[in-house]
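Q: Take a look at the following structure, please.
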Amino acid sequence: MKTDFPIVLTENLIVLGNYYFNLYLVKGKNGSALIETGVSGTVDRVTEQLESLDVYPSYLIVTHPHADHITGLDGLVKKFPNAVVATGDGAEKFLSHPKAIEAMLYEDRFITEMLKANRMFPGRAPIETGIKLPENSVVLKQNDEIDLGGIIIRCIEVKGHSPAHISIHIPDINALIVSDSVGFHFPGRGFLPLFLTNYQSYLKSLNQIISMKPEIMGPGHQCPLTGKDAEKALKVSHETTLNLYSRIMNENKPPDEIADDIFNEYYKDEFRIYSESNIMNCCKLLVRRSMESA
């Protein structure tokens, strides 16, 4: 397990957070952007890391409004009130849904306890209310750019995993912060595809990412991949996506049994940072979205 955070990838790109939750700092001459906002349990550590680098972000960019990517937002906004919050289109609507709020509160509490169990002490209590975007928040759409001074970041809309999901392309260093758009990363063992809203859209976005041939690929979890490792990982992600879809469509079992099989296969190691109910729901959605696409 990597513990040597921050991880310096280039002079402009640094990975913050911890092994389970990766946040990406992009530094320019005139400003900086923190891509991903993590969970409440990462806020204090990320703040310490930023202060050690003498960086105060100009932008806080939310890749998508799932609990493990946004429950750290409130804490970061309080620490860096001058930062502009940027999200994908539809994040605010998703965050206002009562079921989304309930699930977010539960999951942030669970993750807080799991971080403690892994001796990554959060330093703060989990969130108690839903996430509300600040009034000065902006929405990023396809190919929108932010010039940080000598380095540009560009929004890439990705579909199929979550509403309002975006990846961030950094053309100057050929880096792509993919978040969960290529699946959940198990280092050395591949990926679990995460087409939770639509299979075909997820596959189309994955093919787009592959065509970009990033030299640096930043998933939301378990550390970035570079060079040939990034190329290989994308190939594995693509193959696994096709294989899981084929497996689901050809299984001669009831949908719930297929979901149980996937859950039992994947709910171990890094995935145990999340609650059983969350991952079981993901497995059921994988089965449902596959069957809906037929």
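Labels for the structure tokens follow display order: chains A, B, ..., residues from 1 in each chain, ligands from 1.
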Could you give me, as a PyMOL selection string, each residue of region 4-206 of chain A that DSSP assigns to alpha helix (DSSP H) when run on this structure's backbone?
A: chain A and resi 43-52+67-70+73-79+91-95+98-117+199-206
Q: Residues near region 111-117 of chain A, anyone? I mean within 10 Å using only C-alpha atoms, not counting same-chain ones fewer than 3 positions away, as a list of chain:residue names.
A: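 The neighbour list is A:Tyr20, A:Val39, A:Ser40, A:Gly41, A:Thr42, A:Ala67, A:Asp68, A:Tyr106, A:Glu107, A:Asp108, A:Met120, A:Phe121, A:Pro122, A:Gly123, A:Arg124, A:Ala125, A:Pro126, A:Ile127, A:Arg272, A:Ile273, A:Tyr274, A:Ser275.
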Q: Have a look at CA of Tyr59 (chain A) and CA of Ser181 (chain A) and let me know their distance in Å, one decimal.
A: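 Those two atoms sit 21.3 Å apart.
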Q: Among region 115-222 of chain A, which ones does DSSP place in strand (DSSP E or B), written as number ranges by chain?
A: A: 138-140, 145-147, 152-157, 166-170, 175-179, 184-186, 190-192, 216-219
Q: Can I get the selection written as a tab-separated table (two decimals), in the first residue's frame, with C-alpha atoms?
A:
chain	number	residue	atom	x	y	z
A	138	VAL	CA	-20.05	26.78	-12.11
A	139	VAL	CA	-21.06	23.98	-14.45
A	140	LEU	CA	-18.44	22.53	-16.79
A	145	GLU	CA	-11.42	25.00	-20.45
A	146	ILE	CA	-9.85	26.66	-17.44
A	147	ASP	CA	-6.52	28.43	-17.97
A	152	ILE	CA	-4.93	24.36	-19.31
A	153	ILE	CA	-7.45	21.86	-17.98
A	154	ARG	CA	-10.30	20.73	-20.22
A	155	CYS	CA	-13.62	19.12	-19.34
A	156	ILE	CA	-14.53	15.81	-20.96
A	157	GLU	CA	-18.11	14.64	-20.35
A	166	ILE	CA	-16.78	14.56	-15.99
A	167	SER	CA	-13.16	13.68	-16.58
A	168	ILE	CA	-10.45	16.33	-16.72
A	169	HIS	CA	-7.91	16.37	-19.55
A	170	ILE	CA	-4.60	18.18	-19.11
A	175	ALA	CA	-2.88	13.48	-18.43
A	176	LEU	CA	-6.47	12.40	-17.96
A	177	ILE	CA	-8.16	12.33	-14.56
A	178	VAL	CA	-10.72	9.61	-15.26
A	179	SER	CA	-12.29	9.19	-11.80
A	184	PHE	CA	-12.98	0.57	-9.91
A	185	HIS	CA	-9.23	0.02	-9.86
A	186	PHE	CA	-7.82	-3.05	-8.10
A	190	GLY	CA	-7.70	-5.10	-12.98
A	191	PHE	CA	-11.03	-3.32	-12.73
A	192	LEU	CA	-14.66	-3.82	-11.90
A	216	ILE	CA	-0.94	9.69	-17.16
A	217	MET	CA	-4.27	8.22	-16.07
A	218	GLY	CA	-5.77	9.23	-12.74
A	219	PRO	CA	-8.51	6.99	-11.35
Q: Considering only C-alpha atoms, return as a list in words whatever protein or nucleic-acid residues lie within 9 Å of Met212 (chain A), sequence-local ones (same chain, fewer than 3 positions apart) excluded.
A: Asn174, Leu176, Asn207, Gln208 and Ile209 of chain A
Q: For the selection just defined, write its residues with all heavy atoms to a file, as a short mmCIF file (atom, residue, chain, number, x, y, z; two decimals), in the first residue's frame.
A:
data_model
loop_
_atom_site.label_atom_id
_atom_site.label_comp_id
_atom_site.auth_asym_id
_atom_site.auth_seq_id
_atom_site.Cartn_x
_atom_site.Cartn_y
_atom_site.Cartn_z
N ASN A 174 -0.50 15.52 -21.30
CA ASN A 174 -1.24 14.34 -21.75
C ASN A 174 -1.71 13.49 -20.57
O ASN A 174 -1.49 12.28 -20.52
CB ASN A 174 -0.40 13.48 -22.71
CG ASN A 174 -1.26 12.44 -23.45
OD1 ASN A 174 -2.48 12.57 -23.51
ND2 ASN A 174 -0.61 11.43 -23.99
N LEU A 176 -5.03 12.48 -17.99
CA LEU A 176 -6.47 12.40 -17.96
C LEU A 176 -6.91 11.89 -16.59
O LEU A 176 -6.58 10.76 -16.21
CB LEU A 176 -6.99 11.48 -19.07
CG LEU A 176 -8.50 11.46 -19.30
CD1 LEU A 176 -9.01 12.85 -19.72
CD2 LEU A 176 -8.86 10.44 -20.38
N ASN A 207 -14.30 4.01 -24.73
CA ASN A 207 -13.60 4.00 -26.03
C ASN A 207 -13.00 5.37 -26.34
O ASN A 207 -11.90 5.46 -26.90
CB ASN A 207 -14.57 3.58 -27.14
CG ASN A 207 -14.84 2.09 -27.14
OD1 ASN A 207 -13.98 1.29 -26.77
ND2 ASN A 207 -16.03 1.70 -27.54
N GLN A 208 -13.71 6.43 -25.96
CA GLN A 208 -13.18 7.78 -26.17
C GLN A 208 -11.90 7.99 -25.36
O GLN A 208 -10.91 8.54 -25.86
CB GLN A 208 -14.22 8.83 -25.78
CG GLN A 208 -13.72 10.27 -25.93
CD GLN A 208 -14.68 11.29 -25.36
OE1 GLN A 208 -15.65 10.95 -24.69
NE2 GLN A 208 -14.41 12.56 -25.61
N ILE A 209 -11.93 7.54 -24.11
CA ILE A 209 -10.75 7.68 -23.25
C ILE A 209 -9.57 6.90 -23.83
O ILE A 209 -8.45 7.40 -23.87
CB ILE A 209 -11.10 7.20 -21.82
CG1 ILE A 209 -12.03 8.20 -21.15
CG2 ILE A 209 -9.83 7.00 -21.00
CD1 ILE A 209 -12.63 7.71 -19.86
#
Q: Have a look at A:Lys141, A:Tyr245, A:Val15, A:Ser58 and name the one nearest to Leu225 (chain A); count only C-alpha atoms.
A: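 That would be A:Val15, the residue with the smallest distance to Leu225 (chain A).
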Q: Rounded to one decimal place, report the CA of Leu194 (chain A)-CA of His238 (chain A) distance in Å.
A: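 For CA of Leu194 (chain A) relative to CA of His238 (chain A), the distance reads 11.5 Å.
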Q: Could you give me, as a list in words, the residues within 9 Å of Gln200 (chain A), counting only C-alpha atoms and dropping anything in the same chain fewer than 6 positions from it?
A: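 In the requested format, the answer is Lys159, Gly160, Ser290 and Ser293 of chain A.
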